[in-house]
>>> print(open('final.pdb').read())   # PDB, C-alpha atoms
ATOM      1  CA  MET A   1      20.626  62.355 252.061  1.00  0.00           C
ATOM      2  CA  ARG A   2      22.000  65.828 252.519  1.00  0.00           C
ATOM      3  CA  LYS A   3      24.391  64.690 255.203  1.00  0.00           C
ATOM      4  CA  THR A   4      25.593  61.840 253.036  1.00  0.00           C
ATOM      5  CA  LEU A   5      26.247  64.276 250.217  1.00  0.00           C
ATOM      6  CA  PHE A   6      28.104  66.548 252.613  1.00  0.00           C
ATOM      7  CA  ALA A   7      30.226  63.649 253.817  1.00  0.00           C
ATOM      8  CA  LEU A   8      30.959  62.664 250.232  1.00  0.00           C
ATOM      9  CA  VAL A   9      31.999  66.202 249.298  1.00  0.00           C
ATOM     10  CA  CYS A  10      34.218  66.393 252.385  1.00  0.00           C
ATOM     11  CA  THR A  11      35.892  63.091 251.493  1.00  0.00           C
ATOM     12  CA  VAL A  12      36.504  64.178 247.907  1.00  0.00           C
ATOM     13  CA  LEU A  13      37.960  67.490 249.087  1.00  0.00           C
ATOM     14  CA  LEU A  14      40.167  65.706 251.607  1.00  0.00           C
ATOM     15  CA  LEU A  15      41.443  63.302 248.983  1.00  0.00           C
ATOM     16  CA  ALA A  16      42.065  66.179 246.577  1.00  0.00           C
ATOM     17  CA  ALA A  17      44.064  67.946 249.296  1.00  0.00           C
ATOM     18  CA  LEU A  18      46.111  64.791 249.864  1.00  0.00           C
ATOM     19  CA  GLY A  19      47.224  65.034 246.264  1.00  0.00           C
ATOM     20  CA  GLY A  20      49.204  68.090 247.325  1.00  0.00           C
ATOM     21  CA  CYS A  21      51.285  66.037 249.737  1.00  0.00           C
ATOM     22  CA  ALA A  22      54.747  65.197 248.521  1.00  0.00           C
ATOM     23  CA  THR A  23      57.532  63.205 250.041  1.00  0.00           C
ATOM     24  CA  VAL A  24      60.881  64.889 249.590  1.00  0.00           C
ATOM     25  CA  PRO A  25      63.625  62.267 249.507  1.00  0.00           C
ATOM     26  CA  PRO A  26      66.329  62.827 252.162  1.00  0.00           C
ATOM     27  CA  TRP A  27      69.023  63.702 249.632  1.00  0.00           C
ATOM     28  CA  GLU A  28      66.922  66.508 248.142  1.00  0.00           C
ATOM     29  CA  ARG A  29      66.286  68.387 251.357  1.00  0.00           C
ATOM     30  CA  GLY A  30      68.978  70.979 250.764  1.00  0.00           C
ATOM     31  CA  THR A  31      66.528  73.827 250.295  1.00  0.00           C
ATOM     32  CA  LEU A  32      64.396  72.660 253.190  1.00  0.00           C
ATOM     33  CA  ALA A  33      67.486  72.664 255.403  1.00  0.00           C
ATOM     34  CA  LYS A  34      67.985  76.424 255.015  1.00  0.00           C
ATOM     35  CA  PRO A  35      67.343  78.399 258.202  1.00  0.00           C
ATOM     36  CA  VAL A  36      64.677  80.478 256.470  1.00  0.00           C
ATOM     37  CA  MET A  37      62.619  77.320 255.982  1.00  0.00           C
ATOM     38  CA  SER A  38      62.318  76.503 259.663  1.00  0.00           C
ATOM     39  CA  VAL A  39      58.789  76.588 261.063  1.00  0.00           C
ATOM     40  CA  ASP A  40      59.912  78.639 264.030  1.00  0.00           C
ATOM     41  CA  PRO A  41      62.756  81.121 263.613  1.00  0.00           C
ATOM     42  CA  PRO A  42      65.656  80.876 266.051  1.00  0.00           C
ATOM     43  CA  PRO A  43      64.596  82.038 269.580  1.00  0.00           C
ATOM     44  CA  GLN A  44      66.625  85.235 269.464  1.00  0.00           C
ATOM     45  CA  GLU A  45      65.215  86.286 266.112  1.00  0.00           C
ATOM     46  CA  LYS A  46      61.723  85.486 267.349  1.00  0.00           C
ATOM     47  CA  GLN A  47      62.259  87.666 270.404  1.00  0.00           C
ATOM     48  CA  GLN A  48      63.432  90.530 268.209  1.00  0.00           C
ATOM     49  CA  LYS A  49      60.440  90.225 265.937  1.00  0.00           C
ATOM     50  CA  LEU A  50      58.009  90.181 268.843  1.00  0.00           C
ATOM     51  CA  ARG A  51      59.644  93.279 270.273  1.00  0.00           C
ATOM     52  CA  THR A  52      59.324  95.154 266.994  1.00  0.00           C
ATOM     53  CA  TYR A  53      55.760  93.963 266.642  1.00  0.00           C
ATOM     54  CA  GLY A  54      54.910  95.132 270.141  1.00  0.00           C
ATOM     55  CA  ALA A  55      56.412  98.571 269.512  1.00  0.00           C
ATOM     56  CA  LYS A  56      54.683  99.000 266.157  1.00  0.00           C
ATOM     57  CA  GLU A  57      51.294  98.028 267.480  1.00  0.00           C
ATOM     58  CA  ALA A  58      51.791 100.153 270.579  1.00  0.00           C
ATOM     59  CA  GLY A  59      50.726  97.192 272.593  1.00  0.00           C
ATOM     60  CA  ALA A  60      53.354  96.218 275.082  1.00  0.00           C
ATOM     61  CA  ALA A  61      53.143  92.551 275.980  1.00  0.00           C
ATOM     62  CA  ALA A  62      50.517  92.049 273.292  1.00  0.00           C
ATOM     63  CA  THR A  63      51.824  88.579 272.692  1.00  0.00           C
ATOM     64  CA  GLY A  64      52.326  87.627 276.299  1.00  0.00           C
ATOM     65  CA  VAL A  65      55.126  88.305 278.684  1.00  0.00           C
ATOM     66  CA  GLY A  66      58.005  86.042 279.483  1.00  0.00           C
ATOM     67  CA  GLY A  67      59.101  85.645 283.052  1.00  0.00           C
ATOM     68  CA  GLY A  68      57.777  84.321 286.277  1.00  0.00           C
ATOM     69  CA  GLY A  69      54.930  86.760 286.834  1.00  0.00           C
ATOM     70  CA  CYS A  70      56.822  89.318 288.872  1.00  0.00           C
ATOM     71  CA  GLY A  71      56.167  91.924 286.192  1.00  0.00           C
ATOM     72  CA  CYS A  72      59.829  92.821 286.012  1.00  0.00           C
ATOM     73  CA  ASN A  73      60.533  91.661 282.466  1.00  0.00           C
TER
ATOM     74  CA  MET B   1      19.951  56.871 263.166  1.00  0.00           C
ATOM     75  CA  LEU B   2      21.283  58.683 260.181  1.00  0.00           C
ATOM     76  CA  ALA B   3      24.679  58.822 261.807  1.00  0.00           C
ATOM     77  CA  ARG B   4      24.709  55.085 262.309  1.00  0.00           C
ATOM     78  CA  ARG B   5      23.964  54.509 258.650  1.00  0.00           C
ATOM     79  CA  MET B   6      26.861  56.720 257.661  1.00  0.00           C
ATOM     80  CA  THR B   7      29.506  55.061 259.780  1.00  0.00           C
ATOM     81  CA  PRO B   8      30.574  52.454 257.194  1.00  0.00           C
ATOM     82  CA  ARG B   9      30.997  55.192 254.625  1.00  0.00           C
ATOM     83  CA  PHE B  10      33.385  57.050 256.892  1.00  0.00           C
ATOM     84  CA  GLY B  11      35.140  53.749 257.478  1.00  0.00           C
ATOM     85  CA  HIS B  12      35.687  53.403 253.762  1.00  0.00           C
ATOM     86  CA  ALA B  13      36.865  56.974 253.454  1.00  0.00           C
ATOM     87  CA  ALA B  14      39.356  56.422 256.270  1.00  0.00           C
ATOM     88  CA  LEU B  15      40.643  53.314 254.521  1.00  0.00           C
ATOM     89  CA  ILE B  16      41.133  55.194 251.258  1.00  0.00           C
ATOM     90  CA  VAL B  17      42.991  57.976 253.079  1.00  0.00           C
ATOM     91  CA  LEU B  18      45.230  55.424 254.823  1.00  0.00           C
ATOM     92  CA  ALA B  19      45.886  53.615 251.559  1.00  0.00           C
ATOM     93  CA  ALA B  20      46.951  56.901 249.995  1.00  0.00           C
ATOM     94  CA  LEU B  21      49.446  57.495 252.807  1.00  0.00           C
ATOM     95  CA  VAL B  22      51.016  54.030 252.879  1.00  0.00           C
ATOM     96  CA  PRO B  23      53.249  54.204 249.767  1.00  0.00           C
ATOM     97  CA  THR B  24      54.988  57.332 251.063  1.00  0.00           C
ATOM     98  CA  SER B  25      56.279  55.456 254.094  1.00  0.00           C
ATOM     99  CA  LEU B  26      57.256  52.263 252.299  1.00  0.00           C
ATOM    100  CA  ALA B  27      59.858  53.557 249.880  1.00  0.00           C
ATOM    101  CA  TRP B  28      62.266  50.873 248.716  1.00  0.00           C
ATOM    102  CA  SER B  29      65.801  50.933 250.030  1.00  0.00           C
ATOM    103  CA  VAL B  30      68.900  48.750 250.009  1.00  0.00           C
ATOM    104  CA  ALA B  31      69.168  46.299 252.911  1.00  0.00           C
ATOM    105  CA  PRO B  32      72.200  44.401 254.245  1.00  0.00           C
ATOM    106  CA  GLY B  33      72.867  41.233 252.247  1.00  0.00           C
ATOM    107  CA  GLN B  34      71.766  42.705 248.937  1.00  0.00           C
ATOM    108  CA  THR B  35      74.141  43.468 246.123  1.00  0.00           C
ATOM    109  CA  ALA B  36      75.010  47.152 245.971  1.00  0.00           C
ATOM    110  CA  PRO B  37      73.226  48.830 243.042  1.00  0.00           C
ATOM    111  CA  ALA B  38      75.245  50.204 240.153  1.00  0.00           C
ATOM    112  CA  CYS B  39      76.326  53.767 240.743  1.00  0.00           C
ATOM    113  CA  SER B  40      78.767  56.045 239.014  1.00  0.00           C
ATOM    114  CA  ALA B  41      79.743  59.636 239.621  1.00  0.00           C
ATOM    115  CA  ALA B  42      82.378  62.176 238.657  1.00  0.00           C
ATOM    116  CA  PRO B  43      85.311  62.838 240.996  1.00  0.00           C
ATOM    117  CA  ILE B  44      85.270  66.400 242.342  1.00  0.00           C
ATOM    118  CA  ASP B  45      88.839  67.066 241.222  1.00  0.00           C
ATOM    119  CA  GLY B  46      88.102  66.068 237.644  1.00  0.00           C
ATOM    120  CA  GLY B  47      89.162  62.852 236.000  1.00  0.00           C
ATOM    121  CA  ARG B  48      87.085  60.062 234.584  1.00  0.00           C
ATOM    122  CA  THR B  49      83.759  58.985 236.043  1.00  0.00           C
ATOM    123  CA  ALA B  50      84.191  56.396 238.739  1.00  0.00           C
ATOM    124  CA  SER B  51      81.880  53.437 239.078  1.00  0.00           C
ATOM    125  CA  LEU B  52      81.192  51.509 242.262  1.00  0.00           C
ATOM    126  CA  ALA B  53      81.862  48.248 240.414  1.00  0.00           C
ATOM    127  CA  ASP B  54      85.477  49.396 239.809  1.00  0.00           C
ATOM    128  CA  TYR B  55      86.154  48.844 243.504  1.00  0.00           C
ATOM    129  CA  ARG B  56      85.101  45.196 243.552  1.00  0.00           C
ATOM    130  CA  GLY B  57      87.719  43.348 245.604  1.00  0.00           C
ATOM    131  CA  LYS B  58      88.033  46.172 248.098  1.00  0.00           C
ATOM    132  CA  VAL B  59      86.016  46.895 251.185  1.00  0.00           C
ATOM    133  CA  VAL B  60      84.135  50.083 250.376  1.00  0.00           C
ATOM    134  CA  TYR B  61      82.851  52.640 252.833  1.00  0.00           C
ATOM    135  CA  LEU B  62      80.308  54.536 250.761  1.00  0.00           C
ATOM    136  CA  ASP B  63      79.094  57.733 252.362  1.00  0.00           C
ATOM    137  CA  PHE B  64      76.401  60.091 251.115  1.00  0.00           C
ATOM    138  CA  TRP B  65      76.815  63.649 252.350  1.00  0.00           C
ATOM    139  CA  ALA B  66      75.769  67.206 251.539  1.00  0.00           C
ATOM    140  CA  SER B  67      77.019  70.661 252.450  1.00  0.00           C
ATOM    141  CA  TRP B  68      73.695  71.421 254.161  1.00  0.00           C
ATOM    142  CA  CYS B  69      73.766  68.311 256.317  1.00  0.00           C
ATOM    143  CA  ALA B  70      74.876  69.116 259.864  1.00  0.00           C
ATOM    144  CA  PRO B  71      75.962  65.638 261.075  1.00  0.00           C
ATOM    145  CA  CYS B  72      78.111  65.316 257.928  1.00  0.00           C
ATOM    146  CA  ARG B  73      80.481  67.854 259.487  1.00  0.00           C
ATOM    147  CA  GLU B  74      81.155  65.393 262.280  1.00  0.00           C
ATOM    148  CA  SER B  75      81.586  62.448 259.960  1.00  0.00           C
ATOM    149  CA  PHE B  76      84.396  64.000 257.935  1.00  0.00           C
ATOM    150  CA  PRO B  77      87.072  63.867 260.662  1.00  0.00           C
ATOM    151  CA  PHE B  78      85.996  60.267 261.297  1.00  0.00           C
ATOM    152  CA  MET B  79      86.424  59.328 257.652  1.00  0.00           C
ATOM    153  CA  ASN B  80      89.816  61.060 257.571  1.00  0.00           C
ATOM    154  CA  GLU B  81      90.808  58.881 260.512  1.00  0.00           C
ATOM    155  CA  LEU B  82      89.607  55.749 258.744  1.00  0.00           C
ATOM    156  CA  GLN B  83      91.498  56.724 255.627  1.00  0.00           C
ATOM    157  CA  GLY B  84      94.689  57.140 257.642  1.00  0.00           C
ATOM    158  CA  ASP B  85      94.328  53.900 259.587  1.00  0.00           C
ATOM    159  CA  LEU B  86      92.652  51.449 257.231  1.00  0.00           C
ATOM    160  CA  ALA B  87      93.355  52.551 253.653  1.00  0.00           C
ATOM    161  CA  ASP B  88      96.527  50.449 253.437  1.00  0.00           C
ATOM    162  CA  LYS B  89      94.562  47.433 254.684  1.00  0.00           C
ATOM    163  CA  GLY B  90      92.254  47.560 251.665  1.00  0.00           C
ATOM    164  CA  LEU B  91      89.601  50.095 252.631  1.00  0.00           C
ATOM    165  CA  GLN B  92      88.237  52.422 249.970  1.00  0.00           C
ATOM    166  CA  ILE B  93      86.273  55.411 251.171  1.00  0.00           C
ATOM    167  CA  ILE B  94      83.973  57.042 248.640  1.00  0.00           C
ATOM    168  CA  ALA B  95      82.048  60.086 249.784  1.00  0.00           C
ATOM    169  CA  VAL B  96      79.266  61.040 247.386  1.00  0.00           C
ATOM    170  CA  SER B  97      78.136  64.639 247.536  1.00  0.00           C
ATOM    171  CA  VAL B  98      74.435  64.986 246.771  1.00  0.00           C
ATOM    172  CA  ASP B  99      74.640  68.785 246.556  1.00  0.00           C
ATOM    173  CA  LYS B 100      72.842  70.323 243.602  1.00  0.00           C
ATOM    174  CA  THR B 101      75.850  72.442 242.729  1.00  0.00           C
ATOM    175  CA  ALA B 102      79.525  71.532 242.874  1.00  0.00           C
ATOM    176  CA  ASP B 103      80.358  74.929 244.371  1.00  0.00           C
ATOM    177  CA  ASP B 104      78.367  74.146 247.531  1.00  0.00           C
ATOM    178  CA  ALA B 105      80.343  70.942 247.947  1.00  0.00           C
ATOM    179  CA  ARG B 106      83.650  72.773 247.366  1.00  0.00           C
ATOM    180  CA  ARG B 107      82.827  75.429 249.950  1.00  0.00           C
ATOM    181  CA  PHE B 108      82.072  72.682 252.474  1.00  0.00           C
ATOM    182  CA  LEU B 109      85.357  70.947 251.697  1.00  0.00           C
ATOM    183  CA  GLU B 110      87.292  74.146 252.309  1.00  0.00           C
ATOM    184  CA  ARG B 111      86.017  74.162 255.890  1.00  0.00           C
ATOM    185  CA  TYR B 112      86.070  70.410 256.403  1.00  0.00           C
ATOM    186  CA  PRO B 113      88.972  69.061 254.368  1.00  0.00           C
ATOM    187  CA  ALA B 114      88.801  65.463 253.198  1.00  0.00           C
ATOM    188  CA  LYS B 115      91.687  63.067 252.606  1.00  0.00           C
ATOM    189  CA  PHE B 116      89.523  60.514 250.812  1.00  0.00           C
ATOM    190  CA  THR B 117      87.792  60.179 247.446  1.00  0.00           C
ATOM    191  CA  ILE B 118      84.987  62.679 246.878  1.00  0.00           C
ATOM    192  CA  VAL B 119      82.601  62.302 243.967  1.00  0.00           C
ATOM    193  CA  LEU B 120      79.742  64.517 242.851  1.00  0.00           C
ATOM    194  CA  ASP B 121      76.271  63.289 242.049  1.00  0.00           C
ATOM    195  CA  THR B 122      74.342  66.504 241.457  1.00  0.00           C
ATOM    196  CA  LYS B 123      71.489  64.628 239.773  1.00  0.00           C
ATOM    197  CA  GLY B 124      71.009  62.343 242.766  1.00  0.00           C
ATOM    198  CA  ALA B 125      71.099  59.098 240.769  1.00  0.00           C
ATOM    199  CA  CYS B 126      73.175  57.157 243.318  1.00  0.00           C
ATOM    200  CA  PRO B 127      71.152  58.085 246.408  1.00  0.00           C
ATOM    201  CA  ALA B 128      67.994  57.196 244.489  1.00  0.00           C
ATOM    202  CA  ALA B 129      69.466  53.815 243.508  1.00  0.00           C
ATOM    203  CA  PHE B 130      70.303  53.077 247.142  1.00  0.00           C
ATOM    204  CA  GLY B 131      67.015  54.490 248.414  1.00  0.00           C
ATOM    205  CA  LEU B 132      68.551  56.596 251.173  1.00  0.00           C
ATOM    206  CA  GLU B 133      66.508  56.806 254.331  1.00  0.00           C
ATOM    207  CA  GLY B 134      68.289  59.771 255.837  1.00  0.00           C
ATOM    208  CA  MET B 135      71.271  62.060 255.610  1.00  0.00           C
ATOM    209  CA  PRO B 136      74.036  61.210 255.978  1.00  0.00           C
ATOM    210  CA  SER B 137      73.868  57.538 255.069  1.00  0.00           C
ATOM    211  CA  SER B 138      76.789  55.192 254.847  1.00  0.00           C
ATOM    212  CA  TYR B 139      77.064  51.714 253.412  1.00  0.00           C
ATOM    213  CA  ILE B 140      79.754  49.173 254.116  1.00  0.00           C
ATOM    214  CA  ILE B 141      80.212  47.046 251.005  1.00  0.00           C
ATOM    215  CA  ASP B 142      82.320  43.877 251.107  1.00  0.00           C
ATOM    216  CA  ARG B 143      84.829  42.601 248.541  1.00  0.00           C
ATOM    217  CA  THR B 144      82.127  40.757 246.584  1.00  0.00           C
ATOM    218  CA  GLY B 145      80.020  43.890 246.171  1.00  0.00           C
ATOM    219  CA  ALA B 146      77.384  42.960 248.748  1.00  0.00           C
ATOM    220  CA  VAL B 147      76.100  45.542 251.201  1.00  0.00           C
ATOM    221  CA  ARG B 148      76.974  44.478 254.753  1.00  0.00           C
ATOM    222  CA  VAL B 149      75.985  47.440 256.861  1.00  0.00           C
ATOM    223  CA  VAL B 150      73.520  50.267 256.302  1.00  0.00           C
ATOM    224  CA  HIS B 151      74.091  53.155 258.645  1.00  0.00           C
ATOM    225  CA  VAL B 152      71.774  56.163 258.738  1.00  0.00           C
ATOM    226  CA  GLY B 153      72.867  59.389 260.401  1.00  0.00           C
ATOM    227  CA  PHE B 154      76.120  60.043 262.196  1.00  0.00           C
ATOM    228  CA  ARG B 155      76.967  60.658 265.840  1.00  0.00           C
ATOM    229  CA  GLU B 156      80.262  60.698 267.630  1.00  0.00           C
ATOM    230  CA  SER B 157      79.139  57.546 269.452  1.00  0.00           C
ATOM    231  CA  ASP B 158      78.828  55.627 266.161  1.00  0.00           C
ATOM    232  CA  ARG B 159      82.569  55.761 265.559  1.00  0.00           C
ATOM    233  CA  THR B 160      83.533  52.688 267.592  1.00  0.00           C
ATOM    234  CA  GLU B 161      80.923  50.389 266.080  1.00  0.00           C
ATOM    235  CA  LEU B 162      81.581  51.435 262.470  1.00  0.00           C
ATOM    236  CA  ARG B 163      85.299  51.066 262.938  1.00  0.00           C
ATOM    237  CA  ARG B 164      84.847  47.605 264.481  1.00  0.00           C
ATOM    238  CA  GLN B 165      82.649  46.489 261.570  1.00  0.00           C
ATOM    239  CA  LEU B 166      85.186  47.722 259.026  1.00  0.00           C
ATOM    240  CA  THR B 167      88.158  46.189 260.794  1.00  0.00           C
ATOM    241  CA  GLU B 168      86.402  42.817 261.000  1.00  0.00           C
ATOM    242  CA  LEU B 169      85.477  42.867 257.354  1.00  0.00           C
ATOM    243  CA  LEU B 170      88.990  43.869 256.325  1.00  0.00           C
ATOM    244  CA  ALA B 171      90.410  41.016 258.387  1.00  0.00           C
ATOM    245  CA  GLY B 172      88.203  38.650 256.396  1.00  0.00           C
ATOM    246  CA  GLY B 173      85.755  37.922 259.205  1.00  0.00           C
ATOM    247  CA  LYS B 174      82.021  37.752 258.947  1.00  0.00           C
TER
END
>>> encode(input="final.pdb", output="structure tokens")
Amino acid sequence: MRKTLFALVCTVLLLAALGGCATVPPWERGTLAKPVMSVDPPPQEKQQKLRTYGAKEAGAAATGVGGGGCGCN
Amino acid sequence: MLARRMTPRFGHAALIVLAALVPTSLAWSVAPGQTAPACSAAPIDGGRTASLADYRGKVVYLDFWASWCAPCRESFPFMNELQGDLADKGLQIIAVSVDKTADDARRFLERYPAKFTIVLDTKGACPAAFGLEGMPSSYIIDRTGAVRVVHVGFRESDRTELRRQLTELLAGGK
């Protein structure tokens, strides 16, 4: 009984969350097309941000190190 | 045992979720063979509002573009070429800007000049009427006002095929 109730609540929550989904028609994607809206910033900008982050947190290579493992990055 | 009893319920839930997702992927859009929907927009350089129906009797290359659309930059030189080569054979190119502001469209046109008719549809009524599936989209409309070709996107490699379709239609072929 409890599990059924839990499943029901989950389903209702999931359906409620689906209500937040919206389809943006192709001709209205002008704002979405702006660089600032990209999920991942351009590689160079990302590299810069990681570098700043590493310096601020005083944790070199806190987010992993690029390179082939020779430690020379 | 409890889990087995619950399975059909989850089945129903999954069905409801799927049903909720279906309409988003089945939006209506114009297909070849259908009559082009009514659409009117204001020319960018002023003047009276132009309607698609005014060009009945001409082969129309209707293109939807926006300043933020990257492939549109490639399509402009192509349309300039078409205008130069096929305009005197009865081709009418209409490029509809779907930008929200006219200034965005003008800035784009400064960088990518156009020799053909540009109209503004800041409200997006025309693209909605055609049910665009992507940007840019172009429609080849024959002399009777029927849509012949629906072309989504633009690549350099599309040039030959589009030009062939237009030339055939202008020559009166199928």
>>> atom_distance(input="final.pdb", atom1="CA of Thr167 (chain B)", atom2="CA of Ser51 (chain B)")
23.7 Å
>>> interface_residues(input="final.pdb", of="chain A", to="chain B", cutoff="12 Å", atoms="all atoms listed in the file", output="PyMOL selection string")
chain A and resi 1-35
>>> closest_residue(input="final.pdb", among="B:Val152, B:Ile44, B:Met79, B:Cys39", to="Asp104 (chain B)", atoms="all atoms listed in the file")
B:Ile44
>>> atom_distance(input="final.pdb", atom1="CA of Ala58 (chain A)", atom2="CA of Glu45 (chain A)")
19.8 Å
>>> residues_near_point(input="final.pdb", point="(80.7, 55.6, 239.0)", cutoff="10 Å", atoms="only C-alpha atoms", output="list in words")
Ala38, Cys39, Ser40, Ala41, Ala42, Pro43, Arg48, Thr49, Ala50, Ser51, Leu52, Ala53, Asp54, Tyr55, Val119, Leu120, Asp121 and Cys126 of chain B
>>> resolve_selection(input="final.pdb", expression="the PyMOL selection byres ((chain B and resi 172) around 12)", output="PyMOL selection string")
chain B and resi 57-59+89-90+142-144+165-171+173-174
>>> atom_distance(input="final.pdb", atom1="CA of Ile141 (chain B)", atom2="CA of Ala36 (chain B)")
7.2 Å
>>> residues_around(input="final.pdb", residues="region 155-163 of chain B", least_positions_apart="5", cutoff="8 Å", atoms="all atoms listed in the file", output="PyMOL selection string")
chain B and resi 71+74-75+78+82
>>> axis_aligned_box(input="final.pdb", around="region 162-166 of chain B", padding_each_side="4 Å", output="AutoDock Vina command-line options")
--center_x 83.4 --center_y 49.0 --center_z 261.8 --size_x 11.7 --size_y 12.9 --size_z 13.5
